[in-house]
Amino acid sequence: MQDLTGAVAPVSTKLRRATVLSIAAMTALAMLGPAARPAAAHTHPTPVDISKPAVVRVETYMRVFISLIEHDRHGKHIGLYQRRYDLLANAGSGFAVDPSGVIVAAGGVIEADTRKAEVEAVNRIFHDRYGNRAPIPSKPDTRYRIRHDDPGDPLDGRLQRCYAANTADTSGGCVIATSKVVRVFPYVVSQERYGNLDATVLYPKTGKANVSVLKVGANSMPTVDLATSTAGTEHFAALGFTRVPRVPKDPAAGKDLIVNKRGHLLGTGPEIKNDEFRVQLSNAIIAGVWGGPVVGATGRVSGFLAVRQTPAHDPYLTDVQEIRKALAAAGIEPRRGPTDTAYLAALHNYNNQAYKAAIPSLNATLELYRGHALAARALKIATQLQGTAADKSGRGSEVKGISVRTGGWPLRTIAMVAGLLVVLALVLFGTMRRGRLRPAVPGGRNGGGGDLPAGPRDPPARRPATRQAPRTTPRDQVAWPPAEAKATPVPGRAPVATAGRPVPVPEGVGFCTQCGGPLGQDHQFCGFCGYKAR
């Protein structure tokens, strides 16, 4: 290794530089260590713990506007009675795959039968209008007849006419308009404040599909870690809601509302093993777990469950490859967000009873995603238990949490990045310096020598100078046989060159404006032609 003047650096210099780089690298690793390495006897969050906050309830409604027209009401009058009904058509579970509010659910959950909704709306408006004379049938979306003793009573005739939507006769009729509404209910402490979100269908735009992709208005929404295959799903947990999640006013007093059912996959799927868990799985899917995330041993979500329309309601897996195809068709690339990072840091401490240590990360989670039900519940309990005998903070089991702030980067993250930048800067400086150094030419200013580099370097352009009288060449002048100058070296000096290839010029060397030969940093005369350059 050489210094910038072209002389060979001593071995101690190389050792010092290597030592500096090693110390810098170890410093960066030491800064990363406390945040990345868990303490001894530390219990990590389970795969289910990690995925729970991203589970949602999905409900599809038919919104029906209906006007009941009554001919000859109270004599010659025409009556008009109007209502709007949001009628539940399908319901299931889903999960977020992007912090901006992208939801994956089963394709069937967004399907709705318009005709059934119209029949149910007719039955409901007749009951609202005529009370017990027009009771709602046990299946609200089925047709029925109204029994009466008065042959002149137009009520049943009006009902039958309303079943034929947007028609009328002498008894009356109904005018009906319908639209589909999809709503998402995340796991939050209040659906009125933070949930009950209108959803837009991103996929499929038309027709039917096994997977649906929805979009709701959200910011920093909790997400799942979406896998790329079903590997690690031989033993799985299926998560979902059987109803809209409504948390009590005191989050700490409420229980976990998520249904968690175990199961086993046959090979890579889609079939589910017929074991003691199979019947429970089928019942849970029908009750609402349909479309909820299937979490494997790796902690990643590899699909969701559905049942076939058979007497046994056989469960099966819609795998992650099909989910990713639907996301790609919708132009979505799944990703995780800052809320997931903050909540995971909190769980590392909370699950190990380091309650005081968990509080900063729990607060950060709620700042990022207001209404986070699981974080609110944990914060309530951690606040009550901090500093008590049950709190293990400071006893070696806690992990330093990430202080997530919405206004800037946390200090620990800044320190970690700064350490890495220092290491990169030192490595880059060393690389650039080695690239600029060249072996010294024999007889150079500092003496010494070295191996020649693999390739030549052309000399820079000449600098203009005023011609002066030649003088004798000093003995320590650097030798250089320029290609365009046929000058003979000073007697007793051996030219340093290979045939047709000049030796690279060390840093700090100038050039003679007369013959192009190199000049040392402190030299005043050219060693080839004797020209005075300074």
# chains A, B, ... in the order shown; residues from 1 in each chain; ligands from 1
>>> select_by_dssp(residues="stretch 73-135 of chain A", states="strand (DSSP E)", output="ChimeraX atom specification")
/A:73,77-98,102-106
>>> write_last_selection(atoms="C-alpha atoms", output="PDB file, in the first residue's frame")
ATOM      1  CA  ARG A  73    -106.684   3.678   0.438  1.00  0.00           C
ATOM      2  CA  HIS A  77    -107.011   8.234  -1.945  1.00  0.00           C
ATOM      3  CA  ILE A  78    -103.672   6.827  -3.138  1.00  0.00           C
ATOM      4  CA  GLY A  79    -101.143   6.090  -0.395  1.00  0.00           C
ATOM      5  CA  LEU A  80     -97.334   6.171  -0.711  1.00  0.00           C
ATOM      6  CA  TYR A  81     -95.166   4.583   1.954  1.00  0.00           C
ATOM      7  CA  GLN A  82     -91.304   4.582   1.581  1.00  0.00           C
ATOM      8  CA  ARG A  83     -88.462   2.834   3.342  1.00  0.00           C
ATOM      9  CA  ARG A  84     -84.757   2.004   2.963  1.00  0.00           C
ATOM     10  CA  TYR A  85     -83.373  -1.342   4.127  1.00  0.00           C
ATOM     11  CA  ASP A  86     -79.774  -2.564   4.324  1.00  0.00           C
ATOM     12  CA  LEU A  87     -80.225  -6.321   4.095  1.00  0.00           C
ATOM     13  CA  LEU A  88     -77.333  -8.619   4.971  1.00  0.00           C
ATOM     14  CA  ALA A  89     -76.527 -10.852   2.008  1.00  0.00           C
ATOM     15  CA  ASN A  90     -73.218 -12.466   2.998  1.00  0.00           C
ATOM     16  CA  ALA A  91     -70.700 -12.279   5.813  1.00  0.00           C
ATOM     17  CA  GLY A  92     -67.268 -13.674   6.589  1.00  0.00           C
ATOM     18  CA  SER A  93     -63.788 -12.706   7.660  1.00  0.00           C
ATOM     19  CA  GLY A  94     -60.750 -11.246   5.935  1.00  0.00           C
ATOM     20  CA  PHE A  95     -57.343  -9.751   6.644  1.00  0.00           C
ATOM     21  CA  ALA A  96     -55.348  -6.656   5.729  1.00  0.00           C
ATOM     22  CA  VAL A  97     -52.286  -7.028   3.490  1.00  0.00           C
ATOM     23  CA  ASP A  98     -51.352  -3.351   3.095  1.00  0.00           C
ATOM     24  CA  VAL A 102     -56.200  -3.345   1.280  1.00  0.00           C
ATOM     25  CA  ILE A 103     -58.245  -6.336   2.465  1.00  0.00           C
ATOM     26  CA  VAL A 104     -58.261  -9.932   1.212  1.00  0.00           C
ATOM     27  CA  ALA A 105     -61.444 -11.995   1.674  1.00  0.00           C
ATOM     28  CA  ALA A 106     -63.233 -14.920   0.070  1.00  0.00           C
TER      29      ALA A 106
END
>>> atom_distance(atom1="atom CA of A:Pro270", atom2="atom CA of A:Thr318")
6.6 Å
>>> select_by_dssp(residues="stretch 109-165 of chain A", states="alpha helix (DSSP H)", output="list in words")
Thr114, Arg115, Lys116, Ala117, Glu118, Val119, Glu120, Ala121, Val122, Asn123, Arg124, Ile125, Phe126, His127, Asp128, Arg129, Tyr130, Leu155, Asp156, Gly157, Arg158, Leu159, Gln160, Arg161, Cys162 and Tyr163 of chain A
>>> closest_residue(among="A:Ala134, A:Cys174, A:Cys526, A:Val189", to="A:Asp250", atoms="only C-alpha atoms")
A:Val189
>>> closest_atom_pairs(of="stretch 216-310 of chain A", to="stretch 197-205 of chain A", cutoff="9 Å", atoms="only C-alpha atoms", output="Markdown table")
| residue | atom | partner | partner_atom | distance |
| --- | --- | --- | --- | --- |
| A:Val216 | CA | A:Ala199 | CA | 4.8 |
| A:Gly217 | CA | A:Leu197 | CA | 7.2 |
| A:Ala218 | CA | A:Leu197 | CA | 8.9 |
>>> write_last_selection(atoms="N, CA and C atoms", output="tab-separated table (two decimals), in the first residue's frame")
chain	number	residue	atom	x	y	z
A	216	VAL	N	-60.37	-0.05	1.80
A	216	VAL	CA	-61.05	0.85	2.72
A	216	VAL	C	-60.14	2.04	3.01
A	217	GLY	N	-60.72	3.11	3.51
A	217	GLY	CA	-59.92	4.27	3.90
A	217	GLY	C	-59.24	4.01	5.23
A	218	ALA	N	-57.93	3.87	5.24
A	218	ALA	CA	-57.20	3.58	6.47
A	218	ALA	C	-55.78	4.12	6.36
